[in-house]
>>> print(open('coords.cif').read())   # mmCIF, C-alpha atoms
data_protein
loop_
_atom_site.label_atom_id
_atom_site.label_comp_id
_atom_site.auth_asym_id
_atom_site.auth_seq_id
_atom_site.Cartn_x
_atom_site.Cartn_y
_atom_site.Cartn_z
CA MET A 1 -8.75 -10.11 18.20
CA VAL A 2 -5.19 -8.96 17.56
CA MET A 3 -4.62 -5.50 16.06
CA VAL A 4 -1.13 -4.30 15.21
CA LEU A 5 -0.16 -0.88 13.90
CA SER A 6 3.47 -0.75 12.82
CA THR A 7 5.42 1.97 12.32
CA ALA A 8 -6.56 14.38 -15.30
CA ALA A 9 -9.08 15.16 -17.60
CA THR A 10 -12.41 16.81 -18.41
CA PRO A 11 -15.26 15.13 -16.49
CA ALA A 12 -17.84 13.21 -18.45
CA ALA A 13 -20.78 14.82 -16.73
CA ASP A 14 -21.24 17.61 -14.20
CA GLY A 15 -24.98 17.43 -13.74
CA ASP A 16 -26.93 14.79 -11.84
CA THR A 17 -29.73 13.74 -14.18
CA GLY A 18 -30.56 10.65 -12.15
CA ALA A 19 -28.99 8.44 -14.82
CA PRO A 20 -25.41 7.20 -15.09
CA PRO A 21 -23.02 9.69 -16.72
CA THR A 22 -21.83 9.21 -20.27
CA LEU A 23 -18.25 7.95 -20.35
CA GLN A 24 -16.03 8.10 -23.42
CA ASP A 25 -14.32 5.02 -24.83
CA GLY A 26 -10.56 4.98 -24.78
CA TYR A 27 -7.35 3.27 -23.71
CA GLY A 28 -8.43 0.11 -25.51
CA LEU A 29 -11.83 -0.11 -23.79
CA THR A 30 -15.05 -0.13 -25.82
CA GLN A 31 -18.36 0.15 -24.03
CA VAL A 32 -21.14 -2.26 -24.91
CA GLY A 33 -24.78 -1.30 -24.46
CA GLN A 34 -26.03 1.19 -21.88
CA ALA A 35 -24.79 1.74 -18.36
CA THR A 36 -27.15 0.46 -15.69
CA GLY A 37 -27.87 1.88 -12.25
CA THR A 38 -28.07 5.41 -10.91
CA ALA A 39 -26.04 8.58 -11.36
CA THR A 40 -23.81 7.66 -8.43
CA ASN A 41 -23.84 3.85 -8.46
CA PHE A 42 -23.68 2.28 -11.89
CA VAL A 43 -22.18 -0.49 -14.00
CA ILE A 44 -20.70 -0.24 -17.48
CA THR A 45 -19.81 -3.17 -19.73
CA VAL A 46 -16.63 -3.08 -21.81
CA THR A 47 -14.61 -5.16 -24.21
CA THR A 48 -10.84 -5.14 -24.59
CA PRO A 49 -8.34 -7.03 -26.75
CA GLN A 50 -6.45 -7.82 -23.54
CA VAL A 51 -9.11 -10.17 -22.12
CA THR A 52 -11.63 -12.16 -24.13
CA GLY A 53 -15.31 -11.42 -23.55
CA GLU A 54 -17.40 -8.65 -22.00
CA HIS A 55 -16.50 -7.24 -18.59
CA HIS A 56 -18.36 -5.22 -15.99
CA ILE A 57 -16.90 -2.20 -14.21
CA LYS A 58 -18.87 -0.91 -11.24
CA ILE A 59 -18.41 2.73 -10.29
CA ILE A 60 -19.60 4.34 -7.06
CA LEU A 61 -19.45 8.14 -6.89
CA PRO A 62 -19.75 10.24 -3.73
CA SER A 63 -23.25 11.59 -3.16
CA GLY A 64 -21.99 15.16 -3.66
CA TYR A 65 -20.07 14.43 -6.86
CA TYR A 66 -22.32 16.56 -9.07
CA ALA A 67 -22.87 19.40 -6.59
CA ASP A 68 -19.30 20.73 -6.83
CA PRO A 69 -18.01 20.41 -10.43
CA ALA A 70 -14.59 21.74 -9.44
CA ARG A 71 -13.84 19.12 -6.81
CA ARG A 72 -11.64 16.12 -7.58
CA TYR A 73 -11.66 12.84 -5.65
CA PRO A 74 -9.23 10.09 -4.72
CA VAL A 75 -10.08 6.61 -5.98
CA LEU A 76 -10.28 3.21 -4.30
CA TYR A 77 -9.94 0.28 -6.67
CA TRP A 78 -11.62 -2.75 -5.11
CA LEU A 79 -10.68 -6.19 -6.47
CA HIS A 80 -13.20 -8.97 -5.91
CA GLY A 81 -12.49 -12.58 -5.02
CA ALA A 82 -12.66 -15.73 -7.13
CA ASN A 83 -15.88 -16.71 -8.86
CA SER A 84 -17.42 -13.27 -8.39
CA ASP A 85 -18.26 -10.23 -10.51
CA PRO A 86 -18.47 -6.47 -9.88
CA VAL A 87 -22.27 -6.67 -10.02
CA LYS A 88 -22.21 -9.04 -7.04
CA GLU A 89 -20.04 -6.71 -4.93
CA ARG A 90 -22.73 -5.11 -2.75
CA TYR A 91 -20.88 -4.38 0.47
CA SER A 92 -22.65 -1.44 2.07
CA ALA A 93 -19.37 0.00 3.38
CA LEU A 94 -18.14 0.55 -0.20
CA SER A 95 -21.03 2.92 -0.95
CA LYS A 96 -20.87 5.01 2.23
CA SER A 97 -17.94 7.29 1.45
CA ASN A 98 -18.64 10.89 0.47
CA SER A 99 -15.01 11.71 -0.10
CA MET A 100 -13.76 9.14 -2.62
CA ILE A 101 -14.71 7.30 -5.79
CA THR A 102 -14.83 3.49 -5.70
CA VAL A 103 -14.15 1.46 -8.85
CA ILE A 104 -14.72 -2.31 -9.00
CA PRO A 105 -13.33 -3.79 -12.23
CA ASP A 106 -14.05 -7.30 -13.42
CA GLY A 107 -11.40 -9.75 -12.23
CA GLY A 108 -12.86 -12.87 -13.78
CA ALA A 109 -13.68 -16.11 -11.99
CA ARG A 110 -10.01 -17.09 -11.60
CA SER A 111 -7.86 -14.41 -13.24
CA TRP A 112 -5.47 -14.13 -10.29
CA TYR A 113 -5.00 -10.57 -11.49
CA ALA A 114 -2.17 -11.58 -13.79
CA ASN A 115 -1.13 -11.73 -17.41
CA TRP A 116 -1.35 -15.49 -17.90
CA LEU A 117 1.65 -17.49 -18.96
CA LYS A 118 -0.49 -19.48 -21.40
CA GLN A 119 -2.74 -17.47 -23.71
CA ASN A 120 -3.90 -20.43 -25.82
CA THR A 121 -6.43 -21.93 -23.40
CA VAL A 122 -10.13 -22.21 -24.18
CA LEU A 123 -10.57 -18.83 -22.44
CA GLY A 124 -8.50 -16.95 -25.02
CA ALA A 125 -6.62 -13.75 -24.16
CA GLN A 126 -6.08 -13.39 -20.40
CA ASN A 127 -3.97 -10.28 -19.82
CA TRP A 128 -5.73 -9.08 -16.70
CA GLU A 129 -2.91 -6.94 -15.34
CA ASN A 130 -2.70 -5.06 -18.65
CA PHE A 131 -6.48 -4.58 -18.59
CA HIS A 132 -6.54 -3.09 -15.10
CA ILE A 133 -3.33 -1.10 -15.02
CA ALA A 134 -2.94 0.15 -18.59
CA GLN A 135 -6.63 0.50 -19.47
CA VAL A 136 -9.07 0.77 -16.56
CA ILE A 137 -7.07 3.26 -14.48
CA PRO A 138 -6.40 5.79 -17.29
CA PHE A 139 -9.99 5.32 -18.53
CA ILE A 140 -11.31 6.29 -15.09
CA ASP A 141 -8.93 9.25 -14.82
CA ALA A 142 -10.00 10.49 -18.26
CA ASN A 143 -13.72 10.25 -17.57
CA LEU A 144 -14.11 11.21 -13.92
CA ARG A 145 -12.80 13.98 -11.68
CA THR A 146 -10.08 11.97 -10.00
CA ILE A 147 -6.89 12.90 -8.19
CA ALA A 148 -4.68 11.06 -10.64
CA THR A 149 -1.62 10.62 -8.45
CA LYS A 150 -0.11 7.88 -6.29
CA GLN A 151 -1.36 9.71 -3.19
CA GLY A 152 -4.85 9.79 -4.72
CA ARG A 153 -5.19 6.05 -5.35
CA ALA A 154 -5.69 2.99 -3.18
CA ILE A 155 -6.06 -0.63 -4.19
CA ALA A 156 -7.64 -3.26 -1.96
CA GLY A 157 -9.20 -6.66 -2.41
CA LEU A 158 -10.68 -9.79 -0.94
CA SER A 159 -9.18 -13.29 -1.13
CA MET A 160 -7.95 -13.61 -4.75
CA GLY A 161 -8.42 -9.84 -4.88
CA GLY A 162 -6.23 -9.43 -1.80
CA PHE A 163 -3.43 -11.09 -3.73
CA GLY A 164 -4.22 -8.87 -6.72
CA ALA A 165 -4.11 -5.69 -4.63
CA PHE A 166 -0.70 -6.52 -3.14
CA HIS A 167 0.63 -7.78 -6.48
CA TYR A 168 -0.38 -4.59 -8.29
CA ALA A 169 0.88 -2.34 -5.50
CA GLN A 170 4.26 -4.08 -5.61
CA ASN A 171 4.51 -4.14 -9.40
CA HIS A 172 3.33 -0.54 -9.82
CA PRO A 173 4.40 1.36 -6.70
CA HIS A 174 4.13 4.68 -8.54
CA LEU A 175 0.37 4.22 -8.88
CA PHE A 176 -0.91 3.41 -5.38
CA GLY A 177 -0.39 5.18 -2.08
CA GLN A 178 -2.40 2.63 -0.08
CA THR A 179 -3.09 -1.09 -0.41
CA ALA A 180 -5.09 -3.56 1.65
CA SER A 181 -5.67 -7.30 1.75
CA LEU A 182 -8.83 -8.74 3.27
CA SER A 183 -8.32 -12.49 3.80
CA GLY A 184 -5.94 -12.46 0.86
CA ASP A 185 -3.78 -15.15 -0.70
CA ILE A 186 -0.73 -12.98 -0.04
CA ASP A 187 1.87 -15.70 0.54
CA LEU A 188 2.37 -17.94 -2.49
CA SER A 189 5.77 -19.20 -1.37
CA VAL A 190 6.43 -22.92 -1.20
CA LYS A 191 5.96 -22.57 2.57
CA PHE A 192 2.24 -22.17 1.87
CA MET A 193 1.85 -24.82 -0.80
CA ALA A 194 -1.81 -25.14 0.20
CA LEU A 195 -2.45 -21.67 -1.23
CA ARG A 196 -0.60 -22.47 -4.44
CA LEU A 197 -2.76 -25.55 -4.81
CA ALA A 198 -5.87 -23.44 -4.19
CA VAL A 199 -4.91 -21.38 -7.24
CA VAL A 200 -4.39 -24.56 -9.26
CA ALA A 201 -7.75 -25.92 -8.07
CA SER A 202 -9.55 -22.83 -9.37
CA LEU A 203 -8.03 -23.41 -12.80
CA VAL A 204 -8.95 -27.07 -13.15
CA THR A 205 -12.32 -27.14 -11.35
CA PHE A 206 -14.04 -23.93 -12.48
CA LYS A 207 -15.82 -24.31 -15.81
CA PRO A 208 -14.41 -24.52 -18.38
CA PRO A 209 -11.26 -26.13 -16.94
CA VAL A 210 -7.88 -24.94 -18.17
CA ASP A 211 -4.28 -26.14 -17.84
CA SER A 212 -3.17 -26.20 -14.21
CA ASP A 213 -0.01 -24.27 -15.18
CA ALA A 214 -1.83 -21.66 -17.26
CA VAL A 215 -1.31 -18.67 -14.95
CA PHE A 216 2.08 -18.99 -13.24
CA GLY A 217 3.49 -22.24 -14.60
CA SER A 218 4.31 -25.24 -12.43
CA PRO A 219 3.79 -24.67 -8.69
CA TYR A 220 6.35 -27.30 -7.73
CA PRO A 221 9.86 -26.26 -6.64
CA VAL A 222 11.75 -28.60 -8.96
CA LEU A 223 14.61 -27.20 -11.08
CA ASN A 224 13.27 -23.67 -10.53
CA ALA A 225 10.04 -24.57 -12.31
CA ASP A 226 8.10 -22.43 -9.84
CA ARG A 227 10.09 -19.24 -10.50
CA ARG A 228 7.04 -17.30 -11.67
CA TRP A 229 5.23 -18.11 -8.41
CA ASN A 230 8.18 -16.67 -6.51
CA GLU A 231 8.28 -13.62 -8.76
CA VAL A 232 4.66 -12.72 -7.99
CA ASP A 233 4.56 -13.85 -4.36
CA PRO A 234 3.82 -10.74 -2.23
CA SER A 235 5.48 -12.23 0.85
CA GLN A 236 8.88 -12.34 -0.85
CA HIS A 237 8.83 -8.75 -2.11
CA VAL A 238 7.61 -6.66 0.82
CA ASP A 239 10.51 -4.24 0.25
CA ARG A 240 8.47 -2.93 -2.70
CA PHE A 241 5.92 -1.59 -0.22
CA ALA A 242 8.29 1.20 0.84
CA GLY A 243 6.30 4.43 0.57
CA THR A 244 2.94 2.62 0.42
CA GLY A 245 0.47 2.28 3.29
CA VAL A 246 -0.26 -1.42 3.89
CA SER A 247 -3.26 -2.90 5.71
CA ILE A 248 -3.93 -6.60 6.39
CA TYR A 249 -7.18 -8.08 7.74
CA VAL A 250 -7.70 -11.77 8.46
CA GLY A 251 -9.54 -14.21 10.73
CA ASN A 252 -8.51 -17.63 11.99
CA GLY A 253 -11.17 -19.92 10.54
CA ARG A 254 -11.92 -21.01 14.12
CA GLY A 255 -8.68 -22.99 14.04
CA LYS A 256 -9.98 -25.51 11.52
CA PRO A 257 -7.50 -26.57 8.78
CA THR A 258 -10.50 -27.31 6.54
CA GLU A 259 -11.36 -23.58 6.59
CA PRO A 260 -9.49 -21.42 4.05
CA GLU A 261 -9.13 -18.62 6.60
CA PHE A 262 -6.97 -20.90 8.75
CA TRP A 263 -4.30 -20.93 6.02
CA LEU A 264 -4.79 -17.29 5.10
CA GLU A 265 -4.13 -16.29 8.70
CA GLY A 266 -0.74 -17.98 8.53
CA ALA A 267 0.01 -16.29 5.20
CA SER A 268 -0.97 -12.88 6.55
CA LYS A 269 1.13 -13.31 9.67
CA ASN A 270 4.12 -14.24 7.52
CA VAL A 271 3.79 -11.09 5.41
CA ALA A 272 3.50 -8.98 8.56
CA LYS A 273 6.59 -10.68 10.00
CA ASN A 274 8.57 -9.99 6.84
CA MET A 275 7.55 -6.33 6.87
CA LYS A 276 8.48 -5.95 10.51
CA ALA A 277 11.88 -7.52 9.84
CA ARG A 278 12.54 -4.83 7.21
CA GLY A 279 11.33 -1.99 9.39
CA LEU A 280 8.33 -1.24 7.18
CA PRO A 281 5.13 0.16 8.74
CA TYR A 282 1.88 -1.76 8.38
CA TYR A 283 -1.58 -2.11 9.92
CA PHE A 284 -2.56 -5.64 10.90
CA VAL A 285 -5.86 -6.93 12.24
CA ASP A 286 -6.33 -10.59 13.15
CA TYR A 287 -9.94 -10.75 14.29
CA GLY A 288 -9.65 -14.41 15.20
CA ASP A 289 -13.05 -16.06 15.52
CA GLY A 290 -14.75 -12.73 14.90
CA SER A 291 -16.47 -12.61 18.27
CA ASP A 292 -15.58 -8.93 18.72
CA TRP A 293 -15.39 -7.99 15.03
CA GLY A 294 -18.95 -7.17 14.12
CA THR A 295 -22.26 -8.93 14.64
CA GLY A 296 -22.37 -12.22 12.76
CA CYS A 297 -18.63 -12.51 12.10
CA ASP A 298 -17.40 -16.01 12.95
CA GLY A 299 -13.86 -15.78 11.59
CA GLY A 300 -14.77 -17.77 8.47
CA HIS A 301 -13.58 -17.00 4.96
CA ASN A 302 -17.00 -16.71 3.35
CA THR A 303 -18.77 -14.81 6.11
CA MET A 304 -20.11 -11.50 4.80
CA ALA A 305 -20.25 -9.95 8.27
CA CYS A 306 -16.48 -10.33 8.65
CA ARG A 307 -15.88 -8.64 5.30
CA GLU A 308 -18.23 -5.77 6.09
CA ALA A 309 -16.61 -5.23 9.48
CA SER A 310 -13.16 -5.08 7.89
CA LEU A 311 -14.35 -2.63 5.25
CA ARG A 312 -15.99 -0.45 7.90
CA ASP A 313 -12.59 -0.25 9.58
CA LEU A 314 -10.61 0.23 6.35
CA ILE A 315 -12.69 2.88 4.56
CA PRO A 316 -12.35 5.64 7.22
CA ARG A 317 -8.63 4.93 7.43
CA LEU A 318 -8.28 5.36 3.67
CA GLU A 319 -10.32 8.56 3.79
CA LYS A 320 -8.01 9.93 6.47
CA ALA A 321 -4.91 8.97 4.47
CA PHE A 322 -6.35 10.59 1.36
CA SER A 323 -7.27 13.80 3.19
CA THR A 324 -3.75 14.30 4.50
CA ARG A 325 -1.76 13.21 1.45
CA SER A 326 -3.72 13.73 -1.78
CA ARG A 327 -4.48 17.45 -1.64
#
>>> encode(input="coords.cif", output="structure tokens")
Amino acid sequence: MVMVLSTAATPAADGDTGAPPTLQDGYGLTQVGQATGTATNFVITVTTPQVTGEHHIKIILPSGYYADPARRYPVLYWLHGANSDPVKERYSALSKSNSMITVIPDGGARSWYANWLKQNTVLGAQNWENFHIAQVIPFIDANLRTIATKQGRAIAGLSMGGFGAFHYAQNHPHLFGQTASLSGDIDLSVKFMALRLAVVASLVTFKPPVDSDAVFGSPYPVLNADRRWNEVDPSQHVDRFAGTGVSIYVGNGRGKPTEPEFWLEGASKNVAKNMKARGLPYYFVDYGDGSDWGTGCDGGHNTMACREASLRDLIPRLEKAFSTRSR
């Protein structure tokens, strides 16, 4: 393993009734049906003109949230990977914190956390960045006792969500004090064409299939056709991380090119190299084959034990950053 450390509003409910609190619609979000879960771990369903369909938002509150109605909390926004859903995000590490709120918004099966170039596909409206940044964040701040500042927010994600976390942190540096990628697609430069093609594959193979250029246009570097890929590529814009804490976790896929983690390790190393070249601080963990990164971690992309181990390392670090900067 290689580890590198380089240099709001009125709350919706103040009493724990055992049921999820009542949240008020707003910022373009309309709730559908009843929230499910408990008072501190629940899921709401919303609709928005920005993205066709119904979407889950999972919210995890600290166990002491209702005991001290005057206390406000920092927020971690966790972005899931491809072909997942907030309801499926059951990492135990995400529910252990007693000092921050965790919000897991729907990111779709293959949203790539972007406002799509083509809005006329069979999927309809696909303005995911608008949904998350302009709607979910202010909705959460209006309904829960958050610390609604840059120093009181973090954004992190896995795989597709790792790209989303870095993309949002770079596009909206005023919103997030910390960002983290866990096995993220964080280099979409032509150097890592395999990762560009992984994005394309998710568009044409997931059901229903859509145009391969629907999100970022053509991935091929011919006559600047891939300009949108370069615009959103985290590896080419690390200067935008100035003033933001950056964490990167990745394995090596046991050195097998058929394993996604093999390519993601190279991408992560390239981002770290670019940050070092610009004198920007970052925290980098390459846990290799996972042999000393938690029981059951084998360095593979889809191994839950690796993800849990990374989150168990990340969460306390975020809590420490919040405690020193968000008060």
>>> residues_around(input="coords.cif", residues="Leu144 (chain A)", least_positions_apart="3", cutoff="12 Å", atoms="all atoms listed in the file", output="number ranges by chain")
A: 8-14, 21-24, 40, 59-62, 65-66, 69-75, 100-103, 136-141, 147-148
>>> atom_distance(input="coords.cif", atom1="CA of Ser212 (chain A)", atom2="CA of Val200 (chain A)")
5.4 Å
>>> residues_around(input="coords.cif", residues="Gly243 (chain A)", least_positions_apart="4", cutoff="9 Å", atoms="all atoms listed in the file", output="list in words")
Pro173, Gly177, Gln178 and Leu280 of chain A
>>> atom_distance(input="coords.cif", atom1="CA of Asn98 (chain A)", atom2="CA of Ser323 (chain A)")
12.0 Å
>>> residues_around(input="coords.cif", residues="Thr244 (chain A)", least_positions_apart="2", cutoff="9 Å", atoms="only C-alpha atoms", output="PyMOL selection string")
chain A and resi 169+173+176-179+240-242+246+281
>>> decode(input="coords.cif", residues="region 215-227 of chain A", atoms="all heavy atoms", output="short mmCIF file (atom, residue, chain, number, x, y, z; two decimals), in the first residue's frame")
data_model
loop_
_atom_site.label_atom_id
_atom_site.label_comp_id
_atom_site.auth_asym_id
_atom_site.auth_seq_id
_atom_site.Cartn_x
_atom_site.Cartn_y
_atom_site.Cartn_z
N VAL A 215 -23.72 12.56 -23.72
CA VAL A 215 -23.30 13.30 -22.52
C VAL A 215 -22.29 14.38 -22.85
O VAL A 215 -22.51 15.57 -22.61
CB VAL A 215 -22.73 12.36 -21.45
CG1 VAL A 215 -22.34 13.15 -20.20
CG2 VAL A 215 -23.77 11.32 -21.06
N PHE A 216 -21.14 13.99 -23.43
CA PHE A 216 -20.05 14.93 -23.66
C PHE A 216 -19.68 15.09 -25.13
O PHE A 216 -18.65 15.69 -25.44
CB PHE A 216 -18.80 14.48 -22.90
CG PHE A 216 -18.99 14.32 -21.42
CD1 PHE A 216 -18.66 13.13 -20.78
CD2 PHE A 216 -19.50 15.36 -20.66
CE1 PHE A 216 -18.82 12.99 -19.41
CE2 PHE A 216 -19.68 15.22 -19.28
CZ PHE A 216 -19.34 14.03 -18.66
N GLY A 217 -20.48 14.57 -26.04
CA GLY A 217 -20.13 14.64 -27.44
C GLY A 217 -19.15 13.54 -27.82
O GLY A 217 -18.94 12.58 -27.09
N SER A 218 -18.51 13.70 -28.96
CA SER A 218 -17.58 12.69 -29.45
C SER A 218 -16.35 12.59 -28.55
O SER A 218 -15.77 13.61 -28.17
CB SER A 218 -17.12 13.04 -30.87
OG SER A 218 -16.06 12.18 -31.27
N PRO A 219 -15.93 11.36 -28.21
CA PRO A 219 -14.74 11.20 -27.37
C PRO A 219 -13.43 11.23 -28.16
O PRO A 219 -12.35 11.16 -27.57
CB PRO A 219 -14.96 9.82 -26.75
CG PRO A 219 -15.68 9.06 -27.82
CD PRO A 219 -16.60 10.08 -28.48
N TYR A 220 -13.51 11.34 -29.47
CA TYR A 220 -12.32 11.20 -30.30
C TYR A 220 -11.69 12.56 -30.60
O TYR A 220 -12.37 13.51 -30.99
CB TYR A 220 -12.67 10.46 -31.59
CG TYR A 220 -13.22 9.09 -31.30
CD1 TYR A 220 -14.59 8.81 -31.48
CD2 TYR A 220 -12.41 8.08 -30.81
CE1 TYR A 220 -15.11 7.56 -31.18
CE2 TYR A 220 -12.93 6.82 -30.51
CZ TYR A 220 -14.27 6.58 -30.70
OH TYR A 220 -14.78 5.34 -30.39
N PRO A 221 -10.37 12.66 -30.45
CA PRO A 221 -9.66 13.93 -30.61
C PRO A 221 -9.41 14.29 -32.07
O PRO A 221 -8.27 14.37 -32.52
CB PRO A 221 -8.35 13.68 -29.86
CG PRO A 221 -8.10 12.22 -30.04
CD PRO A 221 -9.47 11.57 -29.99
N VAL A 222 -10.49 14.51 -32.79
CA VAL A 222 -10.41 14.87 -34.21
C VAL A 222 -11.07 16.23 -34.39
O VAL A 222 -12.25 16.40 -34.08
CB VAL A 222 -11.09 13.81 -35.10
CG1 VAL A 222 -11.01 14.22 -36.56
CG2 VAL A 222 -10.46 12.44 -34.88
N LEU A 223 -10.32 17.21 -34.87
CA LEU A 223 -10.83 18.56 -35.11
C LEU A 223 -11.52 19.14 -33.87
O LEU A 223 -12.57 19.77 -33.93
CB LEU A 223 -11.81 18.55 -36.30
CG LEU A 223 -11.21 18.11 -37.65
CD1 LEU A 223 -12.30 18.05 -38.71
CD2 LEU A 223 -10.09 19.04 -38.06
N ASN A 224 -10.93 18.85 -32.72
CA ASN A 224 -11.42 19.38 -31.44
C ASN A 224 -12.83 18.88 -31.09
O ASN A 224 -13.54 19.50 -30.30
CB ASN A 224 -11.41 20.91 -31.44
CG ASN A 224 -11.39 21.50 -30.05
OD1 ASN A 224 -10.82 20.91 -29.13
ND2 ASN A 224 -11.99 22.67 -29.88
N ALA A 225 -13.20 17.75 -31.67
CA ALA A 225 -14.54 17.20 -31.40
C ALA A 225 -14.70 16.78 -29.95
O ALA A 225 -15.83 16.70 -29.43
CB ALA A 225 -14.79 16.00 -32.32
N ASP A 226 -13.60 16.51 -29.26
CA ASP A 226 -13.67 16.05 -27.88
C ASP A 226 -13.48 17.19 -26.87
O ASP A 226 -13.11 16.96 -25.72
CB ASP A 226 -12.61 14.98 -27.63
CG ASP A 226 -11.19 15.50 -27.76
OD1 ASP A 226 -11.00 16.53 -28.45
OD2 ASP A 226 -10.27 14.88 -27.20
N ARG A 227 -13.76 18.41 -27.26
CA ARG A 227 -13.50 19.56 -26.40
C ARG A 227 -14.28 19.49 -25.08
O ARG A 227 -13.77 19.91 -24.03
CB ARG A 227 -13.81 20.87 -27.13
CG ARG A 227 -15.24 21.05 -27.58
CD ARG A 227 -15.42 22.30 -28.45
NE ARG A 227 -16.78 22.45 -28.94
CZ ARG A 227 -17.25 21.81 -30.01
NH1 ARG A 227 -16.48 20.97 -30.67
NH2 ARG A 227 -18.50 22.00 -30.40
#
